[in-house]
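Down below is the structure, laid out as structure tokens.
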Amino acid sequence: MMLWSLISWPYARKHLLRWMLTMAGIVLGVGVFVGMHTANRSVLSAFQETIDRIAGSTQLQVTAGEPGFDEDILEKVQNVPEVRAAAPVIEATVATGSGNLLILGVDMLGDRSLRNYDLEDTDASIDDPLVFLAQADSLLVTKTFAEKSGLRVNSRVPMRTMQGDLTFTVRGIMKPGGLASAFGGDLAIMDIYAAQKFLGRGRKFDRIDVALADGVSLDEGIAKLRAAVGSGYEIAPPSSRGEQFEQTSRIYSLASNITSVFALFIGMFIIYNTFAIAVTQRRSEIGILRALGATRSQIRALFLGESAVAGLIGSTVGVLFGIVLARAMAGYIGGMLTEVYGVAQRAGDVALDPLLIGGALAMGIATSVVAAVIPSRAAAAVDPVKALQKGRDQAVSERENRLRQWTATLCAVASAVTLAFNRTPLVFYAGFVLSVVAAVLLTPALTLWLARLLRPLLQWARPVEGTLAADSLIQGPKRTSGTVAALMLSLALVISLSGLARSSYEAISDWTRIALNPDLFVTTAQSVSARTFVFPASLGDGLRKIQGVGEVQSVRSVRVNVKGSPVMLLALDIASMEQHAKLPSVQGDPHEMYRLTAKGEGLMASENYMRLHGAKFGEVLDIPAPSGRLHLPIVGVVRDFSDQQGTLIISRAAYVRTWNDDSVNVFRIYVAPGAQEAAVRQRIIDTFGKTQRLFVLTNGDVRRFIRRLTDQWFGLTYVQIAVAVLIAVLGVVNALTVSITDRRRELGVLQAVGALRQQVRHTVWMEAIAIGVIGLVLGLSLGVVTLYYAVGMARRDFMGTEIGYSYPFDTALVLVPVILFAAFLAAIAPGEAAVKGSLVEALEYE
Amino acid sequence: MNRRAVITGLALLAVPCLAQDPRQIMEEVQRRQRSDSQHYEGTLEVIGGGNRIATKRWMYDRLGSFGASKAILRFVAPPEVKGVGLLIVNHADKASDQWMWRPNIGREQRIAFQDRSTRFFGTDFSFEDLEERDVAQYDFKLLSDEGAAWKLESTPRKSSQYTHSYLWVKKDNYTVTRLELFTKKGLMRTIDYRDFELNKGVWTARTTEINDVTRNSRTILKFDKLEYNSPMKDADFTIDALRRGV
């Protein structure tokens, strides 16, 4: 404790700015980690909360994937003696003038057994189920939505339905709380049969909510219900919907976790650098303490304690920053997940997880302590005699240098060896870690080497200032190597993510050119991924009669559960697909796979389905469907990006037969030769636009949508890139601040012998730019290796599809001026500090 | 609404005057209520909290009697509920089948058995109260002789929301004047029959008042244009007929 008050506290007070900069690294690392996780969690818990609130007293739900099932199943469920109440539900999200509205279609006669509709008691007619049922345009809305939209009882709400643009009437307003709080309160209740009509569900329900009779266990209820409805249905508690969504968005969560941890890893180098510098600067103090009897372990504990305190303060601020960040990001993530997965999300309040916060604090402190381990060991090893020899400690000793280089070489060789056996995930990831470790270990030596290379160049640019700047780097590689390592890792991360994005864009662009080549797309929403509404199959016949329409493909895409995972099932006319949009085959005979699939004797699986789900060519998949279970072998593997979890392609005829569902999500239209695309589009809108909810998108619209979706997907990654670069720039500021302090006497002497203030400034600026240049060279080079691993990770664990290696030279070119400018900006304050101090004090320093 | 369904709701009658056997009393009640068909127009007044009154009118046709009857009920006013219909097919040995027709949606909907205990379109009746169950579906117990009337207890043999009910039968004309309906939680509803008139040999209450004890609301049903035994066709009591709005 005494050492703390005598040594640590005065030092911290004296170098407050540097400590703040050090902690900024932890703040950003922890902040991004907490922010990303909390935002993700907020979206997921809002989804779960919506499920819970909608569930009411529901114990089990009977579902058959997104296609739903025929309504006669309801009677079978209701007739099960163990069932106390069973109510059908249709759930859909529609866009209104006041944002997205979750429509819950329920049977008001029986639904009150499961859910409580607590209405505002303002008018006797509100609670009149007869009026509600008799009028198809009836809606119950929540007080939250009513207030937000200025609605009262009998107010009219316009909505675009499958019957065209209609106006609905508010028949009642639900009090806040319970069911009315679901989906952030943006909820409306509609009669289920009206919902069938207006949402284009035909005579189908999305699910049946079930409450069991007293004394019946869940397992017993599931068994009895399964016996009644058959094995093609899923019977599970409502909470399983949340688990399924979590599984669907697993890839996104995994990606954000990795980049968050990487940000913290970069922050670790800043902390290491700060402590390494602190040890260097306080050598004389440490020497005196050692001479006075302080033990090595006391010195080590002193530095580790300092790092723990810095970690605690930085982590605490980081957590607070993360919460603020989460609030800003939750809406964006919710919107993105809605677009990507087609399941409406609404992040309400930020959901704080005490475990996550505790974990983040522990991680921040641990990062800080781990980063300080080497400097604290160095501090403990200080020889009291050598402690007074200024400058000697900044150099890397030959022995240390050799040891590092040997270790780095070993790591590099081991990493290269893993390339031959990297089919095993453990070996692959070990190879990645070894390559990064090799680069980090080589950083001091490479920094020194590059600084020597730069010396003539800097000297040529500014003989005095350039030489001084280069010599500063050459004489104190320890001071800058941590910063350079942080910068190098940041830039490698930028290159990896950017290269990955570039490869993905290229692959997706190729796919859209092949798979999405129709001229027009008739959809139920402006978002191609939305699956709330469906068209009747008969619309296809109508479209074929439009003048200028050549061919019409009816496409149905639904998410179904295969082997416990939600997977996209794509049903369409396979012969037409082979003729117009033949997907690149990865495995299987390119013609035979289409022939067998068209005949309903097999299915084609996307490459990412095969990789992410460990499926094998020829394997017979067991797909649950209302009519039983569909058993089809995988007869072909194709490259398809329709869904992140993978796609299974079957013939439309097999789908219609098995799911008893002839509805359509999208009609793909090929314009007849000679016909004008714009004219055909207008004719479709004129013919069906007033009686049918319908959007006619051009090929360009769809490509732009997919591009936007991909942009959104990588959007948060770019934020993380910015944070990584910011952390690295903070490192530059930190290193320069230390450099100035460390060379205060030297700079004072320079001014005393006639150097101009401008020359001192230039020296600092050039040193910063030199650090930037070294960081750029190392980072862009390491990026070559990390991109290789990033592409590998994407292939095997994220996308599951073959994407090419494409080094982002354009990004690298952009990074050069950005980093140099950032380094220059980082140098301004330290440069001013160097010239503004008292010359006498500077000469008296040390 | 079938007055007898409401009146007897669960119970009904028969017994020679002098007999004291509860089943015979109820068989006699049922015998005296029997008719080949029934038609009436009714007015419903639902009087909720704060004495707010919601009024609806309907037309009712029934073919057959008790356990073998079929009935169609169609709302005629107010305009927002006009055309909504309900088809009830009663069975001698089980609960009735019921379908609702909603012209605005253009489809019928089966009323699930589990939903029979729910309120009938905002009134104080439940869907089950609209059934015409045969007297054979109940056990009866004579509780007391109250001079001008007998007080009986009926217990349903088949599944019902009610555990038991008390009913009062007038000795002079074998009409049920009051019903008290109990669920597991206690007294749920009371039904009082008033303003009796003799129409084609059938004593009919022109006013029925039902009180939902749990909600503290009541519904008053008044009959107009009552006719018994007018000619009706079986084909007019089908789901197709319900859809057609015959």
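Letters for chains follow the order of the structure tokens (A, B, ...), residue numbers begin at 1 for each chain, and ligand numbers begin at 1 in the order shown.
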Which parts of segment 40-234 of chain B does DSSP call strand (DSSP E) when run on the backbone here, written out as a PyMOL selection string?
chain B and resi 40-47+53-63+70-77+85-89+97-102+107-110+138-145+149-156+164-170+176-183+186-199+202-212+217-228
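Using only C-alpha atoms, we find that the part of chain A lying within 8 Å of chain B comprises Glu75, Gln78, Arg84, Ala85, Leu109, Gly110, Ala124, Ser125, Asp127, Asp128, Pro129, Leu130, Val131, Leu133, Ala134, Gln135, Ala136, Tyr193, Ala194 and Lys197 of chain A.
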Can you tell me which residues surround Ile72 of chain B at a distance of at most 7 Å, considering only C-alpha atoms, apart from same-chain residues fewer than 5 positions away, and format the answer as a ChimeraX atom specification?
/B:60-62,85-88,237
Please identify every residue of segment 19-69 of chain B that has at least one atom no farther than 6 Å from an atom of segment 213-235 of chain B, counting only C-alpha atoms, and for each give the shortest atom pair and the distance in Å to one decimal, arranged by chain then increasing number, as CSV.
residue,atom,partner,partner_atom,distance
B:Asp36,CA,B:Asn229,CA,5.1
B:Ser37,CA,B:Asn229,CA,4.5
B:Gln38,CA,B:Tyr228,CA,4.5
B:His39,CA,B:Glu227,CA,5.1
B:Tyr40,CA,B:Leu226,CA,4.3
B:Glu41,CA,B:Asp224,CA,5.1
B:Gly42,CA,B:Phe223,CA,4.5
B:Thr43,CA,B:Lys222,CA,5.2
B:Leu44,CA,B:Leu221,CA,4.7
B:Glu45,CA,B:Ile220,CA,5.1
B:Val46,CA,B:Thr219,CA,4.4
B:Ile47,CA,B:Arg218,CA,5.4
B:Gly48,CA,B:Ser217,CA,4.8
Store the residues of this selection in a file with N, CA and C atoms, as a CSV table (one decimal), in the first residue's frame.
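Contents of again.csv, freshly written:
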chain,number,residue,atom,x,y,z
B,36,ASP,N,-93.2,-29.0,-33.6
B,36,ASP,CA,-92.4,-29.4,-34.8
B,36,ASP,C,-91.4,-28.3,-35.3
B,37,SER,N,-91.9,-27.1,-35.1
B,37,SER,CA,-91.0,-26.0,-35.5
B,37,SER,C,-91.3,-24.8,-34.7
B,38,GLN,N,-90.4,-23.8,-34.8
B,38,GLN,CA,-90.6,-22.6,-34.0
B,38,GLN,C,-90.0,-21.4,-34.8
B,39,HIS,N,-90.6,-20.3,-34.8
B,39,HIS,CA,-90.0,-19.1,-35.4
B,39,HIS,C,-90.3,-17.9,-34.5
B,40,TYR,N,-89.3,-17.1,-34.4
B,40,TYR,CA,-89.6,-15.8,-33.7
B,40,TYR,C,-88.6,-14.7,-34.0
B,41,GLU,N,-88.9,-13.5,-33.7
B,41,GLU,CA,-87.9,-12.4,-33.9
B,41,GLU,C,-87.7,-11.9,-32.4
B,42,GLY,N,-86.4,-11.8,-32.1
B,42,GLY,CA,-86.1,-11.4,-30.7
B,42,GLY,C,-85.3,-10.2,-30.6
B,43,THR,N,-85.5,-9.5,-29.5
B,43,THR,CA,-84.6,-8.3,-29.2
B,43,THR,C,-83.8,-8.6,-28.0
B,44,LEU,N,-82.5,-8.4,-28.1
B,44,LEU,CA,-81.6,-8.6,-27.1
B,44,LEU,C,-81.1,-7.2,-26.5
B,45,GLU,N,-81.2,-7.1,-25.2
B,45,GLU,CA,-80.6,-5.9,-24.6
B,45,GLU,C,-79.6,-6.4,-23.6
B,46,VAL,N,-78.3,-6.0,-23.9
B,46,VAL,CA,-77.2,-6.3,-23.0
B,46,VAL,C,-77.0,-5.1,-22.1
B,47,ILE,N,-77.2,-5.2,-20.8
B,47,ILE,CA,-77.0,-4.1,-19.9
B,47,ILE,C,-75.8,-4.3,-19.1
B,48,GLY,N,-74.8,-3.5,-19.5
B,48,GLY,CA,-73.5,-3.7,-18.9
B,48,GLY,C,-73.2,-2.8,-17.7
A straight line from atom CA of Arg189 of chain B to atom CA of Pro22 of chain B spans 22.2 Å
